[in-house]
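Text of query-v7.cif (mmCIF, C-alpha atoms) as supplied:
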data_upload
#
loop_
_atom_site.label_atom_id
_atom_site.label_comp_id
_atom_site.auth_asym_id
_atom_site.auth_seq_id
_atom_site.Cartn_x
_atom_site.Cartn_y
_atom_site.Cartn_z
CA MET A 47 19.25 9.84 -8.69
CA ALA A 48 19.28 12.08 -5.61
CA GLY A 49 16.70 14.27 -7.29
CA LEU A 50 14.35 11.32 -7.66
CA MET A 51 14.57 10.69 -3.90
CA ALA A 52 14.05 14.30 -2.87
CA GLY A 53 10.24 14.18 -2.67
CA PHE A 54 9.92 10.60 -1.44
CA GLY A 55 7.06 10.31 1.04
CA ASN A 56 5.80 13.82 0.37
CA PHE A 57 2.03 13.60 -0.17
CA THR A 58 -0.74 16.16 -0.40
CA HIS A 59 -3.80 14.02 -1.20
CA ALA A 60 -5.22 10.61 -0.36
CA VAL A 61 -8.01 8.60 -1.98
CA VAL A 62 -9.91 6.27 0.36
CA ARG A 63 -13.18 4.35 0.12
CA ALA A 64 -15.82 3.47 2.69
CA ILE A 65 -16.42 -0.11 3.86
CA PRO A 66 -19.65 -1.68 2.49
CA SER A 67 -21.90 -3.86 4.66
CA SER A 68 -21.08 -6.77 2.33
CA PHE A 69 -17.43 -6.58 3.54
CA ALA A 70 -17.95 -8.77 6.64
CA LYS A 71 -19.35 -11.81 4.84
CA GLU A 72 -18.21 -11.45 1.22
CA ALA A 73 -14.73 -9.86 1.19
CA LEU A 74 -12.13 -12.30 -0.13
CA ARG A 75 -9.97 -13.97 2.52
CA THR A 76 -7.40 -16.73 2.84
CA ASN A 77 -8.82 -17.96 6.17
CA CYS A 78 -12.26 -18.27 7.72
CA SER A 79 -12.15 -15.49 10.33
CA GLU A 80 -15.34 -13.78 11.46
CA VAL A 81 -15.26 -10.03 10.84
CA ASP A 82 -16.93 -7.49 13.14
CA LEU A 83 -18.31 -5.02 10.58
CA ASN A 84 -18.91 -2.18 13.02
CA LYS A 85 -15.43 -2.48 14.48
CA ALA A 86 -13.90 -2.58 10.98
CA GLN A 87 -15.79 0.58 10.06
CA ARG A 88 -14.67 2.33 13.25
CA GLU A 89 -11.05 1.36 12.61
CA HIS A 90 -11.30 2.66 9.06
CA GLU A 91 -12.83 5.95 10.23
CA GLN A 92 -9.89 6.35 12.63
CA TYR A 93 -7.42 5.65 9.79
CA VAL A 94 -9.09 8.23 7.54
CA GLY A 95 -9.21 10.69 10.46
CA VAL A 96 -5.43 10.38 10.91
CA LEU A 97 -4.83 11.19 7.24
CA LYS A 98 -7.25 14.09 7.23
CA HIS A 99 -7.01 15.72 10.65
CA LYS A 100 -3.70 14.66 12.17
CA LEU A 101 -1.65 14.86 8.97
CA GLY A 102 -3.64 17.48 7.04
CA LEU A 103 -3.91 15.63 3.74
CA GLN A 104 -6.73 16.48 1.37
CA VAL A 105 -8.75 13.26 1.48
CA LEU A 106 -11.09 12.22 -1.30
CA GLU A 107 -13.57 9.73 0.20
CA LEU A 108 -15.28 7.48 -2.33
CA PRO A 109 -18.60 5.89 -1.35
CA ALA A 110 -18.85 2.18 -0.58
CA ASP A 111 -20.29 -0.11 -3.25
CA GLU A 112 -22.22 -3.08 -1.86
CA SER A 113 -21.53 -5.10 -5.02
CA LEU A 114 -17.78 -4.72 -4.38
CA PRO A 115 -17.14 -6.10 -0.86
CA ASP A 116 -13.35 -5.51 -1.08
CA CYS A 117 -13.60 -1.93 -2.38
CA VAL A 118 -12.08 -0.37 0.79
CA PHE A 119 -8.71 -1.75 -0.36
CA VAL A 120 -8.13 1.02 -2.88
CA GLU A 121 -4.36 0.46 -3.12
CA ASP A 122 -4.94 -2.55 -5.39
CA ALA A 123 -6.83 -0.49 -7.98
CA ALA A 124 -4.09 2.04 -8.85
CA VAL A 125 -0.38 2.77 -8.64
CA VAL A 126 0.44 6.49 -8.49
CA CYS A 127 3.91 7.92 -8.88
CA GLY A 128 4.49 11.58 -9.64
CA ASP A 129 1.82 12.81 -12.05
CA THR A 130 1.09 9.37 -13.49
CA ALA A 131 -1.62 6.99 -12.29
CA LEU A 132 -1.68 3.43 -13.57
CA ILE A 133 -5.14 1.91 -13.25
CA THR A 134 -4.49 -1.76 -12.53
CA ARG A 135 -6.20 -4.98 -13.52
CA PRO A 136 -6.71 -6.76 -10.17
CA GLY A 137 -5.90 -10.45 -10.04
CA ALA A 138 -9.26 -11.42 -8.53
CA ALA A 139 -11.96 -11.13 -11.21
CA SER A 140 -14.54 -10.09 -8.58
CA ARG A 141 -12.48 -6.92 -7.89
CA ARG A 142 -12.01 -5.64 -11.46
CA LYS A 143 -14.86 -3.12 -11.30
CA GLU A 144 -13.24 -1.40 -8.30
CA THR A 145 -11.01 0.41 -10.78
CA GLU A 146 -13.91 2.40 -12.30
CA ALA A 147 -14.41 4.77 -9.34
CA MET A 148 -10.64 5.03 -8.89
CA LYS A 149 -10.11 5.99 -12.52
CA LYS A 150 -12.69 8.78 -12.21
CA ALA A 151 -11.22 10.06 -8.93
CA LEU A 152 -7.67 10.21 -10.29
CA SER A 153 -8.81 11.78 -13.56
CA ASP A 154 -10.65 14.44 -11.53
CA LEU A 155 -7.31 15.18 -9.79
CA ASN A 156 -5.84 15.85 -13.28
CA LEU A 157 -3.35 13.01 -13.10
CA ASN A 158 -2.07 11.40 -16.28
CA VAL A 159 -4.17 8.22 -16.18
CA VAL A 160 -2.84 5.10 -17.90
CA GLU A 161 -5.05 2.02 -18.16
CA MET A 162 -3.99 -1.60 -18.13
CA ASP A 163 -6.15 -2.97 -20.90
CA ASP A 164 -4.20 -6.14 -21.73
CA GLU A 165 -6.51 -8.99 -20.69
CA THR A 166 -3.56 -11.30 -20.02
CA ALA A 167 -2.14 -8.90 -17.40
CA THR A 168 -2.94 -8.83 -13.70
CA LEU A 169 -1.58 -6.42 -11.12
CA ASP A 170 -2.62 -5.60 -7.55
CA GLY A 171 -1.16 -2.42 -6.05
CA GLY A 172 -0.42 -4.43 -2.90
CA ASP A 173 2.32 -6.18 -4.88
CA VAL A 174 4.05 -2.89 -5.78
CA LEU A 175 6.76 -1.50 -3.51
CA PHE A 176 8.10 1.90 -4.60
CA THR A 177 11.29 2.82 -2.76
CA GLY A 178 11.73 6.32 -4.18
CA ARG A 179 14.51 4.97 -6.40
CA GLU A 180 12.88 1.98 -8.10
CA PHE A 181 9.92 -0.39 -8.09
CA PHE A 182 9.79 -3.95 -6.83
CA VAL A 183 6.79 -5.94 -8.07
CA GLY A 184 5.72 -9.15 -6.36
CA LEU A 185 4.75 -12.00 -8.66
CA SER A 186 1.96 -13.53 -6.62
CA LYS A 187 -1.43 -15.18 -6.88
CA ARG A 188 -2.74 -11.73 -7.90
CA THR A 189 0.05 -10.23 -10.05
CA ASN A 190 1.80 -11.67 -13.11
CA GLN A 191 4.82 -10.87 -15.27
CA ARG A 192 2.74 -9.06 -17.90
CA GLY A 193 1.32 -6.77 -15.21
CA ALA A 194 4.85 -5.93 -14.07
CA GLU A 195 5.89 -5.19 -17.68
CA ILE A 196 3.00 -2.73 -18.14
CA LEU A 197 3.93 -1.00 -14.87
CA ALA A 198 7.53 -0.67 -16.12
CA ASP A 199 6.22 0.87 -19.34
CA ALA A 200 4.07 3.38 -17.39
CA PHE A 201 6.94 4.51 -15.13
CA LYS A 202 9.92 4.57 -17.49
CA ASP A 203 12.05 6.79 -15.20
CA TYR A 204 12.48 3.94 -12.73
CA ALA A 205 13.93 0.44 -12.78
CA VAL A 206 11.38 -2.31 -12.14
CA SER A 207 12.41 -5.69 -10.67
CA THR A 208 10.15 -8.66 -9.99
CA VAL A 209 10.19 -10.71 -6.77
CA PRO A 210 8.46 -14.09 -6.32
CA VAL A 211 5.86 -14.00 -3.53
CA LEU A 212 5.66 -17.60 -2.36
CA ASP A 213 3.95 -16.95 0.96
CA GLY A 214 1.31 -14.35 1.82
CA LEU A 215 -1.13 -12.61 -0.47
CA HIS A 216 1.02 -9.70 -1.68
CA LEU A 217 4.61 -8.46 -1.58
CA LYS A 218 3.55 -5.78 0.90
CA SER A 219 1.97 -8.42 3.16
CA PHE A 220 5.47 -8.64 4.71
CA CYS A 221 7.34 -5.45 3.78
CA SER A 222 7.07 -1.70 3.19
CA MET A 223 9.16 1.46 3.38
CA ALA A 224 9.77 3.16 6.76
CA ALA A 225 12.00 5.97 5.45
CA PRO A 226 14.10 6.72 2.36
CA GLY A 227 16.43 3.75 1.99
CA LEU A 228 14.85 1.80 4.90
CA ILE A 229 12.76 -1.31 4.24
CA VAL A 230 10.64 -2.80 7.04
CA ILE A 231 10.61 -6.56 6.66
CA GLY A 232 8.99 -9.46 8.50
CA SER A 233 11.21 -12.06 10.17
CA SER A 234 9.77 -15.15 8.46
CA GLU A 235 11.96 -17.14 6.09
CA PRO A 236 9.88 -16.25 2.97
CA ALA A 237 10.03 -12.53 3.86
CA GLN A 238 13.79 -12.61 4.43
CA LYS A 239 14.31 -14.54 1.16
CA ALA A 240 12.29 -11.94 -0.74
CA LEU A 241 14.38 -9.14 0.79
CA LYS A 242 17.58 -10.93 -0.24
CA ILE A 243 16.30 -11.11 -3.82
CA MET A 244 15.45 -7.39 -3.77
CA GLN A 245 18.92 -6.53 -2.46
CA GLN A 246 20.58 -8.69 -5.12
CA MET A 247 18.57 -7.13 -7.96
CA SER A 248 19.05 -3.53 -6.89
CA ASP A 249 21.89 -1.14 -7.72
CA HIS A 250 21.06 0.68 -4.46
CA ARG A 251 21.78 -0.16 -0.86
CA TYR A 252 18.87 -0.44 1.56
CA ASP A 253 18.95 -0.68 5.33
CA LYS A 254 16.45 -3.05 6.90
CA LEU A 255 14.27 -2.90 9.98
CA THR A 256 13.17 -6.43 10.88
CA VAL A 257 9.95 -6.94 12.86
CA PRO A 258 8.93 -10.29 14.41
CA ASP A 259 5.48 -10.31 12.76
CA ASP A 260 5.27 -10.27 8.95
CA LEU A 261 1.92 -8.46 8.93
CA ALA A 262 3.33 -5.71 11.15
CA ALA A 263 5.91 -4.94 8.45
CA ASN A 264 3.21 -3.18 6.43
CA CYS A 265 3.38 0.52 7.37
CA VAL A 266 2.52 3.83 5.74
CA TYR A 267 5.51 6.19 5.48
CA MET A 268 5.24 9.90 4.70
CA ASN A 269 7.59 12.86 4.81
CA LEU A 270 5.42 15.94 5.26
CA PRO A 271 6.65 19.54 5.26
CA SER A 272 5.10 20.43 8.61
CA LYS A 273 5.55 17.03 10.32
CA GLY A 274 8.80 15.48 9.05
CA HIS A 275 9.04 11.67 8.96
CA VAL A 276 5.68 10.05 9.76
CA LEU A 277 4.94 6.34 10.13
CA LEU A 278 1.52 4.75 10.55
CA HIS A 279 2.17 1.31 12.01
CA CYS A 280 0.59 -1.56 13.98
CA THR A 281 -0.64 -1.08 17.53
CA PRO A 282 1.02 -2.66 20.61
CA GLU A 283 -2.30 -4.46 21.28
CA GLU A 284 -2.08 -6.31 17.94
CA TYR A 285 1.68 -6.92 17.70
CA PRO A 286 3.44 -5.95 20.97
CA GLU A 287 6.94 -7.11 19.99
CA SER A 288 6.84 -5.50 16.54
CA ALA A 289 5.46 -2.23 17.94
CA LYS A 290 8.55 -2.03 20.19
CA VAL A 291 10.82 -2.19 17.14
CA PHE A 292 9.23 0.91 15.65
CA GLU A 293 10.09 2.85 18.80
CA LYS A 294 13.72 2.77 17.60
CA LEU A 295 12.77 5.30 14.92
CA LYS A 296 13.43 8.33 17.12
CA ASP A 297 13.18 10.86 14.26
CA HIS A 298 9.70 9.74 13.23
CA MET A 299 6.24 10.84 14.29
CA LEU A 300 4.94 7.36 15.15
CA ILE A 301 1.19 6.82 14.83
CA PRO A 302 -0.14 3.38 15.86
CA VAL A 303 -3.32 2.57 13.90
CA SER A 304 -5.52 -0.41 14.69
CA ASN A 305 -6.19 -2.86 11.85
CA SER A 306 -7.47 -5.88 13.78
CA GLU A 307 -10.57 -6.48 11.61
CA LYS A 308 -9.34 -5.73 8.09
CA VAL A 309 -6.35 -8.00 8.65
CA LYS A 310 -8.82 -10.91 8.90
CA VAL A 311 -9.50 -10.47 5.18
CA ASP A 312 -5.80 -9.96 4.37
CA GLY A 313 -6.03 -6.16 4.51
CA ALA A 314 -3.06 -4.09 5.71
CA LEU A 315 -2.47 -0.40 6.44
CA THR A 316 -1.17 0.54 2.98
CA CYS A 317 -4.16 -1.21 1.35
CA CYS A 318 -6.64 1.44 2.45
CA SER A 319 -5.32 4.56 0.71
CA VAL A 320 -3.79 5.76 -2.53
CA LEU A 321 -1.39 8.58 -1.68
CA ILE A 322 -0.67 11.39 -4.13
CA ASN A 323 1.73 14.30 -4.26
CA LYS A 324 -0.08 16.94 -6.26
CA ARG A 325 1.97 20.00 -7.05
CA ALA A 326 0.20 23.33 -6.66
CA GLU A 327 -1.33 24.55 -9.92
CA ILE A 328 0.57 27.62 -11.07
#

Step by step, read the file and then write its structure as structure tokens.
Amino acid sequence: MAGLMAGFGNFTHAVVRAIPSSFAKEALRTNCSEVDLNKAQREHEQYVGVLKHKLGLQVLELPADESLPDCVFVEDAAVVCGDTALITRPGAASRRKETEAMKKALSDLNLNVVEMDDETATLDGGDVLFTGREFFVGLSKRTNQRGAEILADAFKDYAVSTVPVLDGLHLKSFCSMAAPGLIVIGSSEPAQKALKIMQQMSDHRYDKLTVPDDLAANCVYMNLPSKGHVLLHCTPEEYPESAKVFEKLKDHMLIPVSNSEKVKVDGALTCCSVLINKRAEI
């Protein structure tokens, strides 16, 4: 099992997608917040800039599609682990065509692409937490049991456990990984209950880092050869108390990234990239 953990967080490539103009008015949302399109686009450019320039990943930028207002949230369209890419079947019917550009991009990167073609299955990547040792899949408004079963079939080297998501859009709306063996979790009762279920189902022991704000628990963790532990997390302006908690991670390169507009349509930091570890071709 130690071997499976060895490369956790080590990424070479990222797939991202631009924000269409239709995003502000037409992106799906669970509340009625007004979105500032220009600000959202600036925030996204900063996010992509961090991946590309600060962290040195090779970033594949897909163009926006006006007919797909949510297309910036690429995480929901694919789950990548090792050399395998599972193209999902998003729970919202309006988002299903987002997978087409993702499938092409991941095929072009020579990944082993597996498609979810069972019409009874739904799976959003935002419901999939990979810990380096196993997968947890949130059963939510967007992801069902059949989707979780197909994911388990695609990634047979890893255990897959399901977790009910009773509050929030996705499992990763209130949790993510901050390091190998360290889960960041929101402080709400539903978030803490979900963590308890994960701990009970797992054969592994995880430490937890609790943040006051559930949405701040969504971070992007990487372990890069030239940088060490890296964490993209919320800014002090958005979540001052949660941002203080991350300062405890003294061994990490901490990079606050603003997400104040995308969060209005239930978007989080992990939603906006699909990260890939592509071994050098020999």

| request: For the file shown, report as a PyMOL selection string the outcome of the PyMOL selection byres ((chain A and resi 103) around 12) at residue level. | output: chain A and resi 56-62+94-102+104-107+268-273+319-324

Selected residues written out with C-alpha atoms, as a PDB file, keeping the file's coordinate frame:
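part02.pdb, written as the output of this step:
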ATOM      1  CA  ASN A  56       5.800  13.820   0.370  1.00  0.00           C
ATOM      2  CA  PHE A  57       2.030  13.600  -0.170  1.00  0.00           C
ATOM      3  CA  THR A  58      -0.740  16.160  -0.400  1.00  0.00           C
ATOM      4  CA  HIS A  59      -3.800  14.020  -1.200  1.00  0.00           C
ATOM      5  CA  ALA A  60      -5.220  10.610  -0.360  1.00  0.00           C
ATOM      6  CA  VAL A  61      -8.010   8.600  -1.980  1.00  0.00           C
ATOM      7  CA  VAL A  62      -9.910   6.270   0.360  1.00  0.00           C
ATOM      8  CA  VAL A  94      -9.090   8.230   7.540  1.00  0.00           C
ATOM      9  CA  GLY A  95      -9.210  10.690  10.460  1.00  0.00           C
ATOM     10  CA  VAL A  96      -5.430  10.380  10.910  1.00  0.00           C
ATOM     11  CA  LEU A  97      -4.830  11.190   7.240  1.00  0.00           C
ATOM     12  CA  LYS A  98      -7.250  14.090   7.230  1.00  0.00           C
ATOM     13  CA  HIS A  99      -7.010  15.720  10.650  1.00  0.00           C
ATOM     14  CA  LYS A 100      -3.700  14.660  12.170  1.00  0.00           C
ATOM     15  CA  LEU A 101      -1.650  14.860   8.970  1.00  0.00           C
ATOM     16  CA  GLY A 102      -3.640  17.480   7.040  1.00  0.00           C
ATOM     17  CA  GLN A 104      -6.730  16.480   1.370  1.00  0.00           C
ATOM     18  CA  VAL A 105      -8.750  13.260   1.480  1.00  0.00           C
ATOM     19  CA  LEU A 106     -11.090  12.220  -1.300  1.00  0.00           C
ATOM     20  CA  GLU A 107     -13.570   9.730   0.200  1.00  0.00           C
ATOM     21  CA  MET A 268       5.240   9.900   4.700  1.00  0.00           C
ATOM     22  CA  ASN A 269       7.590  12.860   4.810  1.00  0.00           C
ATOM     23  CA  LEU A 270       5.420  15.940   5.260  1.00  0.00           C
ATOM     24  CA  PRO A 271       6.650  19.540   5.260  1.00  0.00           C
ATOM     25  CA  SER A 272       5.100  20.430   8.610  1.00  0.00           C
ATOM     26  CA  LYS A 273       5.550  17.030  10.320  1.00  0.00           C
ATOM     27  CA  SER A 319      -5.320   4.560   0.710  1.00  0.00           C
ATOM     28  CA  VAL A 320      -3.790   5.760  -2.530  1.00  0.00           C
ATOM     29  CA  LEU A 321      -1.390   8.580  -1.680  1.00  0.00           C
ATOM     30  CA  ILE A 322      -0.670  11.390  -4.130  1.00  0.00           C
ATOM     31  CA  ASN A 323       1.730  14.300  -4.260  1.00  0.00           C
ATOM     32  CA  LYS A 324      -0.080  16.940  -6.260  1.00  0.00           C
TER      33      LYS A 324
END

| message | I need every residue sitting at most 9 Å from the point (6.3, -4.7, 15.3) (coordinates as in the file, only C-alpha atoms considered), written as a list in words. | response |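 Neighbouring residues, ordered by chain and number, come to Gly232, Thr256, Val257, Pro258, Asp259, Asp260, Leu261, Ala262, Ala263, His279, Cys280, Thr281, Pro282, Glu284, Tyr285, Pro286, Glu287, Ser288, Ala289, Lys290, Val291 and Phe292 of chain A.
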
Restricted to C-alpha atoms, what would the selected residues look like written as a tab-separated table (two decimals), in the coordinates of the input?
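So the final result, stored in part-v3.tsv, reads:
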chain	number	residue	atom	x	y	z
A	232	GLY	CA	8.99	-9.46	8.50
A	256	THR	CA	13.17	-6.43	10.88
A	257	VAL	CA	9.95	-6.94	12.86
A	258	PRO	CA	8.93	-10.29	14.41
A	259	ASP	CA	5.48	-10.31	12.76
A	260	ASP	CA	5.27	-10.27	8.95
A	261	LEU	CA	1.92	-8.46	8.93
A	262	ALA	CA	3.33	-5.71	11.15
A	263	ALA	CA	5.91	-4.94	8.45
A	279	HIS	CA	2.17	1.31	12.01
A	280	CYS	CA	0.59	-1.56	13.98
A	281	THR	CA	-0.64	-1.08	17.53
A	282	PRO	CA	1.02	-2.66	20.61
A	284	GLU	CA	-2.08	-6.31	17.94
A	285	TYR	CA	1.68	-6.92	17.70
A	286	PRO	CA	3.44	-5.95	20.97
A	287	GLU	CA	6.94	-7.11	19.99
A	288	SER	CA	6.84	-5.50	16.54
A	289	ALA	CA	5.46	-2.23	17.94
A	290	LYS	CA	8.55	-2.03	20.19
A	291	VAL	CA	10.82	-2.19	17.14
A	292	PHE	CA	9.23	0.91	15.65

Please write as an mmCIF file with C-alpha atoms, in the frame of the given file the full residue list that the PyMOL selection byres ((chain A and resi 211-226) around 9) yields on this file.
data_model
loop_
_atom_site.group_PDB
_atom_site.id
_atom_site.type_symbol
_atom_site.label_atom_id
_atom_site.label_comp_id
_atom_site.auth_asym_id
_atom_site.auth_seq_id
_atom_site.Cartn_x
_atom_site.Cartn_y
_atom_site.Cartn_z
ATOM 1 C CA MET A 51 14.570 10.690 -3.900
ATOM 2 C CA PHE A 54 9.920 10.600 -1.440
ATOM 3 C CA GLY A 55 7.060 10.310 1.040
ATOM 4 C CA THR A 76 -7.400 -16.730 2.840
ATOM 5 C CA ASP A 170 -2.620 -5.600 -7.550
ATOM 6 C CA GLY A 171 -1.160 -2.420 -6.050
ATOM 7 C CA GLY A 172 -0.420 -4.430 -2.900
ATOM 8 C CA ASP A 173 2.320 -6.180 -4.880
ATOM 9 C CA VAL A 174 4.050 -2.890 -5.780
ATOM 10 C CA LEU A 175 6.760 -1.500 -3.510
ATOM 11 C CA PHE A 176 8.100 1.900 -4.600
ATOM 12 C CA THR A 177 11.290 2.820 -2.760
ATOM 13 C CA GLY A 178 11.730 6.320 -4.180
ATOM 14 C CA ARG A 179 14.510 4.970 -6.400
ATOM 15 C CA PHE A 182 9.790 -3.950 -6.830
ATOM 16 C CA VAL A 183 6.790 -5.940 -8.070
ATOM 17 C CA GLY A 184 5.720 -9.150 -6.360
ATOM 18 C CA LEU A 185 4.750 -12.000 -8.660
ATOM 19 C CA SER A 186 1.960 -13.530 -6.620
ATOM 20 C CA LYS A 187 -1.430 -15.180 -6.880
ATOM 21 C CA ARG A 188 -2.740 -11.730 -7.900
ATOM 22 C CA THR A 189 0.050 -10.230 -10.050
ATOM 23 C CA VAL A 209 10.190 -10.710 -6.770
ATOM 24 C CA PRO A 210 8.460 -14.090 -6.320
ATOM 25 C CA GLY A 227 16.430 3.750 1.990
ATOM 26 C CA LEU A 228 14.850 1.800 4.900
ATOM 27 C CA ILE A 229 12.760 -1.310 4.240
ATOM 28 C CA VAL A 230 10.640 -2.800 7.040
ATOM 29 C CA ILE A 231 10.610 -6.560 6.660
ATOM 30 C CA GLY A 232 8.990 -9.460 8.500
ATOM 31 C CA SER A 233 11.210 -12.060 10.170
ATOM 32 C CA SER A 234 9.770 -15.150 8.460
ATOM 33 C CA PRO A 236 9.880 -16.250 2.970
ATOM 34 C CA ALA A 237 10.030 -12.530 3.860
ATOM 35 C CA ALA A 240 12.290 -11.940 -0.740
ATOM 36 C CA LEU A 241 14.380 -9.140 0.790
ATOM 37 C CA TYR A 252 18.870 -0.440 1.560
ATOM 38 C CA LEU A 255 14.270 -2.900 9.980
ATOM 39 C CA ASP A 259 5.480 -10.310 12.760
ATOM 40 C CA ASP A 260 5.270 -10.270 8.950
ATOM 41 C CA LEU A 261 1.920 -8.460 8.930
ATOM 42 C CA ALA A 262 3.330 -5.710 11.150
ATOM 43 C CA ALA A 263 5.910 -4.940 8.450
ATOM 44 C CA ASN A 264 3.210 -3.180 6.430
ATOM 45 C CA CYS A 265 3.380 0.520 7.370
ATOM 46 C CA VAL A 266 2.520 3.830 5.740
ATOM 47 C CA TYR A 267 5.510 6.190 5.480
ATOM 48 C CA MET A 268 5.240 9.900 4.700
ATOM 49 C CA ASN A 269 7.590 12.860 4.810
ATOM 50 C CA HIS A 275 9.040 11.670 8.960
ATOM 51 C CA VAL A 276 5.680 10.050 9.760
ATOM 52 C CA LEU A 277 4.940 6.340 10.130
ATOM 53 C CA LEU A 295 12.770 5.300 14.920
ATOM 54 C CA HIS A 298 9.700 9.740 13.230
ATOM 55 C CA ASP A 312 -5.800 -9.960 4.370
ATOM 56 C CA GLY A 313 -6.030 -6.160 4.510
ATOM 57 C CA ALA A 314 -3.060 -4.090 5.710
ATOM 58 C CA THR A 316 -1.170 0.540 2.980
ATOM 59 C CA CYS A 317 -4.160 -1.210 1.350
#

| request: For the structure shown, which residues end up in the PyMOL selection byres ((chain A and resi 112-120) around 7)? Put them as JSON, numbers by chain, please? | output: {"A": [62, 63, 64, 65, 66, 67, 68, 69, 72, 73, 74, 110, 111, 121, 122, 123, 141, 144, 317, 318, 319, 320]}

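Comparing A:Met162, A:Ile301, A:Ala167, A:Leu108 by their smallest distance to Ala147 (chain A), the closest is A:Leu108 (using all atoms listed in the file).
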
From the structure just shown, export region 233-274 of chain A with C-alpha atoms as a JSON list (two decimals), in the first residue's frame.
[["chain", "number", "residue", "atom", "x", "y", "z"],
["A", 233, "SER", "CA", -17.10, 22.08, 10.95],
["A", 234, "SER", "CA", -20.82, 21.71, 10.19],
["A", 235, "GLU", "CA", -22.70, 18.72, 11.57],
["A", 236, "PRO", "CA", -23.34, 17.16, 8.10],
["A", 237, "ALA", "CA", -19.62, 17.49, 7.21],
["A", 238, "GLN", "CA", -18.49, 15.93, 10.49],
["A", 239, "LYS", "CA", -21.03, 13.10, 10.10],
["A", 240, "ALA", "CA", -19.73, 12.37, 6.60],
["A", 241, "LEU", "CA", -16.16, 12.26, 7.91],
["A", 242, "LYS", "CA", -17.20, 9.83, 10.65],
["A", 243, "ILE", "CA", -18.72, 7.55, 8.00],
["A", 244, "MET", "CA", -15.53, 7.71, 5.92],
["A", 245, "GLN", "CA", -13.41, 6.85, 8.96],
["A", 246, "GLN", "CA", -15.67, 3.92, 9.86],
["A", 247, "MET", "CA", -15.59, 2.50, 6.32],
["A", 248, "SER", "CA", -11.84, 2.81, 5.82],
["A", 249, "ASP", "CA", -9.09, 0.37, 6.76],
["A", 250, "HIS", "CA", -6.74, 3.37, 6.95],
["A", 251, "ARG", "CA", -6.31, 6.06, 9.55],
["A", 252, "TYR", "CA", -6.69, 9.69, 8.50],
["A", 253, "ASP", "CA", -5.85, 12.81, 10.43],
["A", 254, "LYS", "CA", -8.28, 15.70, 10.11],
["A", 255, "LEU", "CA", -7.88, 19.44, 9.78],
["A", 256, "THR", "CA", -11.18, 21.11, 10.69],
["A", 257, "VAL", "CA", -11.99, 24.55, 9.27],
["A", 258, "PRO", "CA", -14.93, 26.70, 10.48],
["A", 259, "ASP", "CA", -16.36, 27.19, 6.97],
["A", 260, "ASP", "CA", -17.45, 24.12, 4.99],
["A", 261, "LEU", "CA", -16.72, 25.75, 1.63],
["A", 262, "ALA", "CA", -13.19, 26.60, 2.73],
["A", 263, "ALA", "CA", -12.51, 22.88, 3.21],
["A", 264, "ASN", "CA", -12.21, 22.50, -0.56],
["A", 265, "CYS", "CA", -8.49, 22.86, -1.41],
["A", 266, "VAL", "CA", -6.15, 21.67, -4.13],
["A", 267, "TYR", "CA", -3.23, 19.61, -2.79],
["A", 268, "MET", "CA", -0.10, 18.78, -4.79],
["A", 269, "ASN", "CA", 3.30, 17.32, -4.01],
["A", 270, "LEU", "CA", 5.65, 18.60, -6.70],
["A", 271, "PRO", "CA", 9.31, 17.61, -7.11],
["A", 272, "SER", "CA", 10.62, 21.17, -7.09],
["A", 273, "LYS", "CA", 8.11, 22.66, -4.62],
["A", 274, "GLY", "CA", 7.23, 19.98, -2.05]]
